[in-house]
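K.L.:
The file below is model-v3.txt, compact mmCIF, N, CA and C atoms:
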# COMPACT_ATOMS: atom_id res chain seq x y z
N MET A 20 201.69 201.34 82.34
CA MET A 20 200.34 201.76 82.11
C MET A 20 199.78 202.38 83.39
N MET A 21 198.87 203.29 83.20
CA MET A 21 198.21 203.96 84.31
C MET A 21 196.70 203.85 84.12
N THR A 22 195.97 203.82 85.23
CA THR A 22 194.51 203.73 85.16
C THR A 22 193.89 204.79 86.06
N HIS A 23 192.83 205.42 85.54
CA HIS A 23 192.08 206.42 86.31
C HIS A 23 190.64 206.40 85.83
N LYS A 24 189.71 206.20 86.76
CA LYS A 24 188.27 206.18 86.46
C LYS A 24 187.93 205.22 85.34
N GLY A 25 188.63 204.10 85.28
CA GLY A 25 188.35 203.09 84.28
C GLY A 25 189.05 203.29 82.95
N TYR A 26 189.77 204.38 82.80
CA TYR A 26 190.52 204.66 81.56
C TYR A 26 191.99 204.28 81.79
N THR A 27 192.59 203.71 80.76
CA THR A 27 193.97 203.25 80.86
C THR A 27 194.82 203.97 79.82
N ALA A 28 196.02 204.30 80.20
CA ALA A 28 196.91 205.03 79.30
C ALA A 28 198.28 204.37 79.24
N SER A 29 198.91 204.55 78.11
CA SER A 29 200.30 204.14 77.97
C SER A 29 201.14 205.41 77.92
N VAL A 30 202.36 205.31 78.42
CA VAL A 30 203.25 206.46 78.53
C VAL A 30 204.59 206.12 77.90
N TRP A 31 205.20 207.09 77.24
CA TRP A 31 206.52 206.92 76.67
C TRP A 31 207.32 208.21 76.87
N PHE A 32 208.61 208.11 76.71
CA PHE A 32 209.50 209.27 76.86
C PHE A 32 209.95 209.74 75.48
N GLU A 33 209.86 211.03 75.25
CA GLU A 33 210.32 211.66 74.01
C GLU A 33 211.62 212.42 74.30
N PRO A 34 212.76 211.91 73.82
CA PRO A 34 214.02 212.60 74.10
C PRO A 34 214.12 213.98 73.45
N ASP A 35 213.39 214.19 72.35
CA ASP A 35 213.47 215.49 71.67
C ASP A 35 213.02 216.64 72.56
N ASP A 36 211.97 216.43 73.34
CA ASP A 36 211.50 217.51 74.21
C ASP A 36 211.68 217.18 75.69
N HIS A 37 212.41 216.10 75.96
CA HIS A 37 212.72 215.70 77.33
C HIS A 37 211.47 215.62 78.20
N ALA A 38 210.43 215.00 77.67
CA ALA A 38 209.17 214.91 78.40
C ALA A 38 208.53 213.54 78.20
N PHE A 39 207.72 213.18 79.16
CA PHE A 39 206.90 211.99 79.05
C PHE A 39 205.61 212.38 78.34
N HIS A 40 205.10 211.49 77.50
CA HIS A 40 203.83 211.70 76.82
C HIS A 40 202.99 210.46 77.02
N GLY A 41 201.69 210.65 76.97
CA GLY A 41 200.81 209.51 77.12
C GLY A 41 199.51 209.71 76.37
N THR A 42 198.85 208.61 76.08
CA THR A 42 197.53 208.64 75.47
C THR A 42 196.67 207.56 76.12
N VAL A 43 195.38 207.84 76.20
CA VAL A 43 194.42 206.87 76.68
C VAL A 43 194.11 205.95 75.51
N PHE A 44 194.05 204.65 75.77
CA PHE A 44 193.71 203.74 74.69
C PHE A 44 192.42 203.00 75.01
N GLY A 45 191.83 202.44 73.96
CA GLY A 45 190.58 201.71 74.11
C GLY A 45 189.36 202.55 73.78
N ILE A 46 189.57 203.82 73.37
CA ILE A 46 188.47 204.68 72.93
C ILE A 46 188.89 205.36 71.63
N ARG A 47 187.88 205.81 70.87
CA ARG A 47 188.19 206.49 69.60
C ARG A 47 188.61 207.94 69.81
N ASP A 48 188.08 208.60 70.85
CA ASP A 48 188.50 209.97 71.14
C ASP A 48 189.97 209.97 71.52
N VAL A 49 190.63 211.10 71.31
CA VAL A 49 192.05 211.20 71.63
C VAL A 49 192.22 211.98 72.93
N ILE A 50 192.85 211.36 73.89
CA ILE A 50 193.21 212.02 75.14
C ILE A 50 194.72 211.90 75.27
N HIS A 51 195.40 213.01 75.09
CA HIS A 51 196.86 213.06 75.14
C HIS A 51 197.26 213.94 76.32
N PHE A 52 198.37 213.63 76.94
CA PHE A 52 198.86 214.40 78.07
C PHE A 52 200.37 214.28 78.13
N SER A 53 201.02 215.19 78.85
CA SER A 53 202.48 215.14 78.95
C SER A 53 202.93 215.73 80.27
N GLY A 54 204.19 215.42 80.63
CA GLY A 54 204.77 215.95 81.85
C GLY A 54 206.26 215.67 81.86
N SER A 55 206.97 216.40 82.69
CA SER A 55 208.42 216.23 82.72
C SER A 55 208.91 215.32 83.84
N SER A 56 207.99 214.82 84.67
CA SER A 56 208.37 213.90 85.75
C SER A 56 207.25 212.88 85.92
N VAL A 57 207.53 211.87 86.71
CA VAL A 57 206.51 210.85 86.98
C VAL A 57 205.30 211.51 87.64
N GLU A 58 205.54 212.38 88.61
CA GLU A 58 204.44 213.05 89.30
C GLU A 58 203.63 213.90 88.33
N GLU A 59 204.30 214.62 87.44
CA GLU A 59 203.60 215.47 86.48
C GLU A 59 202.78 214.65 85.48
N ILE A 60 203.32 213.54 85.01
CA ILE A 60 202.60 212.73 84.03
C ILE A 60 201.37 212.09 84.67
N GLU A 61 201.50 211.65 85.93
CA GLU A 61 200.35 211.09 86.63
C GLU A 61 199.26 212.15 86.83
N GLU A 62 199.67 213.34 87.24
CA GLU A 62 198.73 214.44 87.45
C GLU A 62 198.07 214.85 86.13
N ALA A 63 198.87 214.91 85.06
CA ALA A 63 198.34 215.30 83.75
C ALA A 63 197.34 214.26 83.23
N PHE A 64 197.64 213.00 83.46
CA PHE A 64 196.74 211.93 83.04
C PHE A 64 195.39 212.06 83.74
N CYS A 65 195.41 212.13 85.05
CA CYS A 65 194.15 212.25 85.80
C CYS A 65 193.39 213.51 85.41
N GLY A 66 194.12 214.60 85.27
CA GLY A 66 193.48 215.86 84.86
C GLY A 66 192.86 215.78 83.48
N SER A 67 193.53 215.12 82.56
CA SER A 67 193.01 214.99 81.19
C SER A 67 191.76 214.13 81.14
N VAL A 68 191.75 213.04 81.89
CA VAL A 68 190.56 212.19 81.95
C VAL A 68 189.41 212.97 82.58
N ASN A 69 189.67 213.66 83.68
CA ASN A 69 188.63 214.45 84.34
C ASN A 69 188.08 215.52 83.41
N GLU A 70 188.97 216.19 82.68
CA GLU A 70 188.54 217.22 81.74
C GLU A 70 187.70 216.62 80.61
N TYR A 71 188.12 215.48 80.10
CA TYR A 71 187.35 214.79 79.06
C TYR A 71 185.93 214.50 79.54
N LEU A 72 185.82 213.98 80.75
CA LEU A 72 184.50 213.66 81.31
C LEU A 72 183.66 214.92 81.52
N GLU A 73 184.29 216.01 81.96
CA GLU A 73 183.59 217.28 82.15
C GLU A 73 183.08 217.85 80.82
N VAL A 74 183.93 217.81 79.80
CA VAL A 74 183.54 218.32 78.48
C VAL A 74 182.37 217.52 77.92
N CYS A 75 182.43 216.22 78.08
CA CYS A 75 181.32 215.36 77.62
C CYS A 75 180.03 215.73 78.33
N GLU A 76 180.13 215.94 79.63
CA GLU A 76 178.94 216.32 80.40
C GLU A 76 178.40 217.67 79.96
N GLU A 77 179.29 218.65 79.76
CA GLU A 77 178.87 219.98 79.32
C GLU A 77 178.17 219.93 77.96
N ARG A 78 178.65 219.07 77.08
CA ARG A 78 178.08 218.96 75.73
C ARG A 78 176.87 218.01 75.68
N GLY A 79 176.59 217.35 76.79
CA GLY A 79 175.47 216.44 76.85
C GLY A 79 175.67 215.16 76.05
N ILE A 80 176.92 214.73 75.96
CA ILE A 80 177.21 213.49 75.23
C ILE A 80 177.78 212.46 76.19
N ASP A 81 177.57 211.21 75.86
CA ASP A 81 178.11 210.13 76.68
C ASP A 81 179.59 209.96 76.38
N PRO A 82 180.44 209.95 77.41
CA PRO A 82 181.86 209.69 77.16
C PRO A 82 182.04 208.27 76.66
N GLN A 83 183.02 208.09 75.81
CA GLN A 83 183.30 206.74 75.32
C GLN A 83 183.84 205.91 76.47
N LYS A 84 183.39 204.68 76.53
CA LYS A 84 183.84 203.76 77.57
C LYS A 84 184.93 202.87 76.99
N PRO A 85 185.99 202.69 77.75
CA PRO A 85 187.05 201.81 77.26
C PRO A 85 186.64 200.36 77.32
N MET A 86 186.81 199.67 76.25
CA MET A 86 186.57 198.23 76.14
C MET A 86 185.20 197.83 76.69
N SER A 87 184.41 197.27 75.83
CA SER A 87 183.05 196.88 76.20
C SER A 87 183.00 195.58 76.97
N GLY A 88 184.05 194.79 76.89
CA GLY A 88 184.02 193.46 77.50
C GLY A 88 183.60 192.40 76.51
N LYS A 89 183.29 192.84 75.30
CA LYS A 89 182.95 191.89 74.24
C LYS A 89 184.16 191.73 73.34
N LEU A 90 184.46 190.50 72.98
CA LEU A 90 185.64 190.22 72.17
C LEU A 90 185.27 189.21 71.11
N SER A 91 185.46 189.58 69.87
CA SER A 91 185.23 188.64 68.77
C SER A 91 186.56 187.96 68.49
N LEU A 92 186.54 186.65 68.53
CA LEU A 92 187.78 185.89 68.45
C LEU A 92 187.69 184.88 67.32
N ARG A 93 188.70 184.84 66.47
CA ARG A 93 188.75 183.85 65.40
C ARG A 93 189.91 182.90 65.68
N ILE A 94 189.56 181.61 65.80
CA ILE A 94 190.55 180.57 66.02
C ILE A 94 190.23 179.41 65.11
N SER A 95 191.15 178.50 65.00
CA SER A 95 190.92 177.34 64.13
C SER A 95 189.78 176.49 64.70
N PRO A 96 189.05 175.81 63.84
CA PRO A 96 187.98 174.92 64.32
C PRO A 96 188.50 173.86 65.29
N GLU A 97 189.71 173.38 65.05
CA GLU A 97 190.28 172.37 65.93
C GLU A 97 190.50 172.90 67.34
N LEU A 98 191.05 174.10 67.43
CA LEU A 98 191.28 174.71 68.74
C LEU A 98 189.95 175.03 69.42
N HIS A 99 188.99 175.49 68.64
CA HIS A 99 187.66 175.79 69.17
C HIS A 99 187.06 174.53 69.81
N LEU A 100 187.15 173.43 69.10
CA LEU A 100 186.63 172.16 69.61
C LEU A 100 187.34 171.73 70.88
N LYS A 101 188.66 171.84 70.90
CA LYS A 101 189.43 171.47 72.09
C LYS A 101 189.06 172.35 73.29
N ALA A 102 188.89 173.67 73.04
CA ALA A 102 188.53 174.59 74.13
C ALA A 102 187.13 174.27 74.65
N ALA A 103 186.21 173.98 73.74
CA ALA A 103 184.85 173.65 74.16
C ALA A 103 184.84 172.35 74.97
N ALA A 104 185.59 171.37 74.54
CA ALA A 104 185.66 170.09 75.25
C ALA A 104 186.27 170.28 76.64
N LYS A 105 187.33 171.06 76.73
CA LYS A 105 188.00 171.31 78.01
C LYS A 105 187.07 172.08 78.95
N ALA A 106 186.35 173.06 78.42
CA ALA A 106 185.40 173.82 79.24
C ALA A 106 184.31 172.90 79.77
N ARG A 107 183.80 172.05 78.92
CA ARG A 107 182.75 171.10 79.35
C ARG A 107 183.29 170.16 80.43
N GLN A 108 184.52 169.70 80.23
CA GLN A 108 185.15 168.80 81.20
C GLN A 108 185.28 169.49 82.56
N GLU A 109 185.56 170.80 82.54
CA GLU A 109 185.72 171.57 83.77
C GLU A 109 184.39 172.06 84.32
N GLY A 110 183.30 171.79 83.59
CA GLY A 110 181.97 172.18 84.06
C GLY A 110 181.70 173.67 83.97
N THR A 111 182.26 174.30 82.97
CA THR A 111 182.09 175.74 82.80
C THR A 111 181.75 176.06 81.35
N SER A 112 181.38 177.31 81.10
CA SER A 112 181.10 177.73 79.72
C SER A 112 182.41 178.01 78.99
N ILE A 113 182.33 178.01 77.69
CA ILE A 113 183.53 178.32 76.91
C ILE A 113 183.98 179.76 77.17
N ASN A 114 183.02 180.69 77.37
CA ASN A 114 183.39 182.07 77.68
C ASN A 114 184.17 182.14 78.99
N SER A 115 183.69 181.47 80.02
CA SER A 115 184.40 181.46 81.31
C SER A 115 185.76 180.79 81.17
N PHE A 116 185.82 179.72 80.40
CA PHE A 116 187.08 179.03 80.18
C PHE A 116 188.11 179.97 79.53
N ILE A 117 187.69 180.67 78.49
CA ILE A 117 188.59 181.58 77.78
C ILE A 117 188.97 182.76 78.68
N GLU A 118 187.99 183.29 79.41
CA GLU A 118 188.28 184.41 80.32
C GLU A 118 189.32 183.99 81.37
N ASN A 119 189.16 182.80 81.92
CA ASN A 119 190.13 182.31 82.91
C ASN A 119 191.51 182.13 82.30
N ALA A 120 191.56 181.60 81.07
CA ALA A 120 192.85 181.40 80.40
C ALA A 120 193.55 182.73 80.16
N ILE A 121 192.79 183.74 79.75
CA ILE A 121 193.37 185.06 79.51
C ILE A 121 193.82 185.67 80.85
N SER A 122 193.00 185.53 81.88
CA SER A 122 193.36 186.07 83.20
C SER A 122 194.66 185.49 83.71
N GLU A 123 194.84 184.20 83.53
CA GLU A 123 196.06 183.55 83.98
C GLU A 123 197.28 184.02 83.17
N SER A 124 197.04 184.37 81.91
CA SER A 124 198.14 184.78 81.05
C SER A 124 198.58 186.23 81.29
N VAL A 125 197.64 187.11 81.61
CA VAL A 125 197.98 188.51 81.79
C VAL A 125 198.05 188.87 83.25
Can you turn what I pasted into structure tokens?
P.N.:
Amino acid sequence: MMTHKGYTASVWFEPDDHAFHGTVFGIRDVIHFSGSSVEEIEEAFCGSVNEYLEVCEERGIDPQKPMSGKLSLRISPELHLKAAAKARQEGTSINSFIENAISESV
């Protein structure tokens, strides 16, 4: 994965055209880029994000922001209760508890 100005992209190799391709994820707009080397794909990614931001500015629209930081999570009531109890035991909120657990995992 690559990151530029808060946008993150995944990259893959396409053997049919012997090129790397990538897309920005976490937004509804499509930002696609390609290159034949690591240097080219990195340059294309940064250029595509910069161009996206410029086009948004020219059109007077707000660019989509990747991931709001809000996450709706569905878990079993039993796990919810255990997480809440553990968070309370640690003297923190359940949100902080879950954020810390995710941080440690990724």
K.L.:
List every residue of range 34-112 of chain A that DSSP, applied to the backbone of this structure, places in alpha helix (DSSP H), and write the result as a PDB file with N, CA and C atoms, in the frame of the given file.
P.N.:
ATOM      1  N   VAL A  57     207.530 211.870  86.710  1.00  0.00           N
ATOM      2  CA  VAL A  57     206.510 210.850  86.980  1.00  0.00           C
ATOM      3  C   VAL A  57     205.300 211.510  87.640  1.00  0.00           C
ATOM      4  N   GLU A  58     205.540 212.380  88.610  1.00  0.00           N
ATOM      5  CA  GLU A  58     204.440 213.050  89.300  1.00  0.00           C
ATOM      6  C   GLU A  58     203.630 213.900  88.330  1.00  0.00           C
ATOM      7  N   GLU A  59     204.300 214.620  87.440  1.00  0.00           N
ATOM      8  CA  GLU A  59     203.600 215.470  86.480  1.00  0.00           C
ATOM      9  C   GLU A  59     202.780 214.650  85.480  1.00  0.00           C
ATOM     10  N   ILE A  60     203.320 213.540  85.010  1.00  0.00           N
ATOM     11  CA  ILE A  60     202.600 212.730  84.030  1.00  0.00           C
ATOM     12  C   ILE A  60     201.370 212.090  84.670  1.00  0.00           C
ATOM     13  N   GLU A  61     201.500 211.650  85.930  1.00  0.00           N
ATOM     14  CA  GLU A  61     200.350 211.090  86.630  1.00  0.00           C
ATOM     15  C   GLU A  61     199.260 212.150  86.830  1.00  0.00           C
ATOM     16  N   GLU A  62     199.670 213.340  87.240  1.00  0.00           N
ATOM     17  CA  GLU A  62     198.730 214.440  87.450  1.00  0.00           C
ATOM     18  C   GLU A  62     198.070 214.850  86.130  1.00  0.00           C
ATOM     19  N   ALA A  63     198.870 214.910  85.060  1.00  0.00           N
ATOM     20  CA  ALA A  63     198.340 215.300  83.750  1.00  0.00           C
ATOM     21  C   ALA A  63     197.340 214.260  83.230  1.00  0.00           C
ATOM     22  N   PHE A  64     197.640 213.000  83.460  1.00  0.00           N
ATOM     23  CA  PHE A  64     196.740 211.930  83.040  1.00  0.00           C
ATOM     24  C   PHE A  64     195.390 212.060  83.740  1.00  0.00           C
ATOM     25  N   CYS A  65     195.410 212.130  85.050  1.00  0.00           N
ATOM     26  CA  CYS A  65     194.150 212.250  85.800  1.00  0.00           C
ATOM     27  C   CYS A  65     193.390 213.510  85.410  1.00  0.00           C
ATOM     28  N   GLY A  66     194.120 214.600  85.270  1.00  0.00           N
ATOM     29  CA  GLY A  66     193.480 215.860  84.860  1.00  0.00           C
ATOM     30  C   GLY A  66     192.860 215.780  83.480  1.00  0.00           C
ATOM     31  N   SER A  67     193.530 215.120  82.560  1.00  0.00           N
ATOM     32  CA  SER A  67     193.010 214.990  81.190  1.00  0.00           C
ATOM     33  C   SER A  67     191.760 214.130  81.140  1.00  0.00           C
ATOM     34  N   VAL A  68     191.750 213.040  81.890  1.00  0.00           N
ATOM     35  CA  VAL A  68     190.560 212.190  81.950  1.00  0.00           C
ATOM     36  C   VAL A  68     189.410 212.970  82.580  1.00  0.00           C
ATOM     37  N   ASN A  69     189.670 213.660  83.680  1.00  0.00           N
ATOM     38  CA  ASN A  69     188.630 214.450  84.340  1.00  0.00           C
ATOM     39  C   ASN A  69     188.080 215.520  83.410  1.00  0.00           C
ATOM     40  N   GLU A  70     188.970 216.190  82.680  1.00  0.00           N
ATOM     41  CA  GLU A  70     188.540 217.220  81.740  1.00  0.00           C
ATOM     42  C   GLU A  70     187.700 216.620  80.610  1.00  0.00           C
ATOM     43  N   TYR A  71     188.120 215.480  80.100  1.00  0.00           N
ATOM     44  CA  TYR A  71     187.350 214.790  79.060  1.00  0.00           C
ATOM     45  C   TYR A  71     185.930 214.500  79.540  1.00  0.00           C
ATOM     46  N   LEU A  72     185.820 213.980  80.750  1.00  0.00           N
ATOM     47  CA  LEU A  72     184.500 213.660  81.310  1.00  0.00           C
ATOM     48  C   LEU A  72     183.660 214.920  81.520  1.00  0.00           C
ATOM     49  N   GLU A  73     184.290 216.010  81.960  1.00  0.00           N
ATOM     50  CA  GLU A  73     183.590 217.280  82.150  1.00  0.00           C
ATOM     51  C   GLU A  73     183.080 217.850  80.820  1.00  0.00           C
ATOM     52  N   VAL A  74     183.930 217.810  79.800  1.00  0.00           N
ATOM     53  CA  VAL A  74     183.540 218.320  78.480  1.00  0.00           C
ATOM     54  C   VAL A  74     182.370 217.520  77.920  1.00  0.00           C
ATOM     55  N   CYS A  75     182.430 216.220  78.080  1.00  0.00           N
ATOM     56  CA  CYS A  75     181.320 215.360  77.620  1.00  0.00           C
ATOM     57  C   CYS A  75     180.030 215.730  78.330  1.00  0.00           C
ATOM     58  N   GLU A  76     180.130 215.940  79.630  1.00  0.00           N
ATOM     59  CA  GLU A  76     178.940 216.320  80.400  1.00  0.00           C
ATOM     60  C   GLU A  76     178.400 217.670  79.960  1.00  0.00           C
ATOM     61  N   GLU A  77     179.290 218.650  79.760  1.00  0.00           N
ATOM     62  CA  GLU A  77     178.870 219.980  79.320  1.00  0.00           C
ATOM     63  C   GLU A  77     178.170 219.930  77.960  1.00  0.00           C
ATOM     64  N   ARG A  78     178.650 219.070  77.080  1.00  0.00           N
ATOM     65  CA  ARG A  78     178.080 218.960  75.730  1.00  0.00           C
ATOM     66  C   ARG A  78     176.870 218.010  75.680  1.00  0.00           C
ATOM     67  N   PRO A  96     189.050 175.810  63.840  1.00  0.00           N
ATOM     68  CA  PRO A  96     187.980 174.920  64.320  1.00  0.00           C
ATOM     69  C   PRO A  96     188.500 173.860  65.290  1.00  0.00           C
ATOM     70  N   GLU A  97     189.710 173.380  65.050  1.00  0.00           N
ATOM     71  CA  GLU A  97     190.280 172.370  65.930  1.00  0.00           C
ATOM     72  C   GLU A  97     190.500 172.900  67.340  1.00  0.00           C
ATOM     73  N   LEU A  98     191.050 174.100  67.430  1.00  0.00           N
ATOM     74  CA  LEU A  98     191.280 174.710  68.740  1.00  0.00           C
ATOM     75  C   LEU A  98     189.950 175.030  69.420  1.00  0.00           C
ATOM     76  N   HIS A  99     188.990 175.490  68.640  1.00  0.00           N
ATOM     77  CA  HIS A  99     187.660 175.790  69.170  1.00  0.00           C
ATOM     78  C   HIS A  99     187.060 174.530  69.810  1.00  0.00           C
ATOM     79  N   LEU A 100     187.150 173.430  69.100  1.00  0.00           N
ATOM     80  CA  LEU A 100     186.630 172.160  69.610  1.00  0.00           C
ATOM     81  C   LEU A 100     187.340 171.730  70.880  1.00  0.00           C
ATOM     82  N   LYS A 101     188.660 171.840  70.900  1.00  0.00           N
ATOM     83  CA  LYS A 101     189.430 171.470  72.090  1.00  0.00           C
ATOM     84  C   LYS A 101     189.060 172.350  73.290  1.00  0.00           C
ATOM     85  N   ALA A 102     188.890 173.670  73.040  1.00  0.00           N
ATOM     86  CA  ALA A 102     188.530 174.590  74.130  1.00  0.00           C
ATOM     87  C   ALA A 102     187.130 174.270  74.650  1.00  0.00           C
ATOM     88  N   ALA A 103     186.210 173.980  73.740  1.00  0.00           N
ATOM     89  CA  ALA A 103     184.850 173.650  74.160  1.00  0.00           C
ATOM     90  C   ALA A 103     184.840 172.350  74.970  1.00  0.00           C
ATOM     91  N   ALA A 104     185.590 171.370  74.540  1.00  0.00           N
ATOM     92  CA  ALA A 104     185.660 170.090  75.250  1.00  0.00           C
ATOM     93  C   ALA A 104     186.270 170.280  76.640  1.00  0.00           C
ATOM     94  N   LYS A 105     187.330 171.060  76.730  1.00  0.00           N
ATOM     95  CA  LYS A 105     188.000 171.310  78.010  1.00  0.00           C
ATOM     96  C   LYS A 105     187.070 172.080  78.950  1.00  0.00           C
ATOM     97  N   ALA A 106     186.350 173.060  78.420  1.00  0.00           N
ATOM     98  CA  ALA A 106     185.400 173.820  79.240  1.00  0.00           C
ATOM     99  C   ALA A 106     184.310 172.900  79.770  1.00  0.00           C
ATOM    100  N   ARG A 107     183.800 172.050  78.920  1.00  0.00           N
ATOM    101  CA  ARG A 107     182.750 171.100  79.350  1.00  0.00           C
ATOM    102  C   ARG A 107     183.290 170.160  80.430  1.00  0.00           C
ATOM    103  N   GLN A 108     184.520 169.700  80.230  1.00  0.00           N
ATOM    104  CA  GLN A 108     185.150 168.800  81.200  1.00  0.00           C
ATOM    105  C   GLN A 108     185.280 169.490  82.560  1.00  0.00           C
TER     106      GLN A 108
END
K.L.:
CA of Glu73 in chain A and CA of Lys24 in chain A are how many Å apart?
P.N.:
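That distance, rounded to one decimal, is 12.8 Å.
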K.L.:
Between CA of Asn114 in chain A and CA of Met20 in chain A, what is the distance in Å, rounded to a tenth?
P.N.:
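We find that CA of Asn114 in chain A and CA of Met20 in chain A lie 26.4 Å from each other.
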K.L.:
Name the residues, using the chain letters and numbers of the file, that sit within 6.5 Å of (191.2, 209.8, 87.6) when counting all atoms listed in the file, and give them as a PDB file with N, CA and C atoms, keeping the file's coordinate frame.
P.N.:
ATOM      1  N   THR A  22     195.970 203.820  85.230  1.00  0.00           N
ATOM      2  CA  THR A  22     194.510 203.730  85.160  1.00  0.00           C
ATOM      3  C   THR A  22     193.890 204.790  86.060  1.00  0.00           C
ATOM      4  N   HIS A  23     192.830 205.420  85.540  1.00  0.00           N
ATOM      5  CA  HIS A  23     192.080 206.420  86.310  1.00  0.00           C
ATOM      6  C   HIS A  23     190.640 206.400  85.830  1.00  0.00           C
ATOM      7  N   LYS A  24     189.710 206.200  86.760  1.00  0.00           N
ATOM      8  CA  LYS A  24     188.270 206.180  86.460  1.00  0.00           C
ATOM      9  C   LYS A  24     187.930 205.220  85.340  1.00  0.00           C
ATOM     10  N   PHE A  64     197.640 213.000  83.460  1.00  0.00           N
ATOM     11  CA  PHE A  64     196.740 211.930  83.040  1.00  0.00           C
ATOM     12  C   PHE A  64     195.390 212.060  83.740  1.00  0.00           C
ATOM     13  N   CYS A  65     195.410 212.130  85.050  1.00  0.00           N
ATOM     14  CA  CYS A  65     194.150 212.250  85.800  1.00  0.00           C
ATOM     15  C   CYS A  65     193.390 213.510  85.410  1.00  0.00           C
ATOM     16  N   GLY A  66     194.120 214.600  85.270  1.00  0.00           N
ATOM     17  CA  GLY A  66     193.480 215.860  84.860  1.00  0.00           C
ATOM     18  C   GLY A  66     192.860 215.780  83.480  1.00  0.00           C
ATOM     19  N   VAL A  68     191.750 213.040  81.890  1.00  0.00           N
ATOM     20  CA  VAL A  68     190.560 212.190  81.950  1.00  0.00           C
ATOM     21  C   VAL A  68     189.410 212.970  82.580  1.00  0.00           C
ATOM     22  N   ASN A  69     189.670 213.660  83.680  1.00  0.00           N
ATOM     23  CA  ASN A  69     188.630 214.450  84.340  1.00  0.00           C
ATOM     24  C   ASN A  69     188.080 215.520  83.410  1.00  0.00           C
TER      25      ASN A  69
END
K.L.:
Excluding His40 in chain A and residues on its chain fewer than 3 positions from it, collect all residues at most 10 Å away from it, counting only C-alpha atoms, and give them as a ChimeraX atom specification.
P.N.:
/A:28-33,36-37,51-55,60,63-64
K.L.:
Find the residue from A:Ser56, A:Ser87, A:Ser67, A:Thr27 that sits nearest to Thr42 in chain A; use only N, CA and C atoms when measuring.
P.N.:
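Among A:Ser56, A:Ser87, A:Ser67, A:Thr27, it is A:Thr27 that comes nearest to Thr42 in chain A.
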K.L.:
Pick from A:Met86, A:Leu92, A:Val125, A:Ile117: nearest to Ile46 in chain A, with only N, CA and C atoms counted?
P.N.:
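That would be A:Met86, the residue with the smallest distance to Ile46 in chain A.
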K.L.:
Within chain A, find each residue whose DSSP state, derived from the backbone, is strand (DSSP E or B), and express the selection as an MDAnalysis selection string.
P.N.:
chainID A and resid 21:23 26:33 38:44 51:54
K.L.:
Quick one: pull the distance between atom C of Glu70 in chain A and atom C of Ala38 in chain A, Å, one decimal.
P.N.:
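Interatomic distance here is 21.2 Å.
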K.L.:
Let me have the centre and edge lengths in Å, one decimal, of the box along x, y and z around every listed atom of range 104-122 of chain A with 8 Å of margin on each side, as JSON.
P.N.:
{"center_x": 187.9, "center_y": 177.4, "center_z": 79.4, "size_x": 29.6, "size_y": 33.3, "size_z": 25.8}
K.L.:
Identify which of the residues A:Gln83, A:Ser122, A:Ser91, A:Ser112 lies closest to Ile50 in chain A, counting only C-alpha atoms when measuring atom-to-atom distances.
P.N.:
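Distance minimum relative to Ile50 in chain A lands on A:Gln83.
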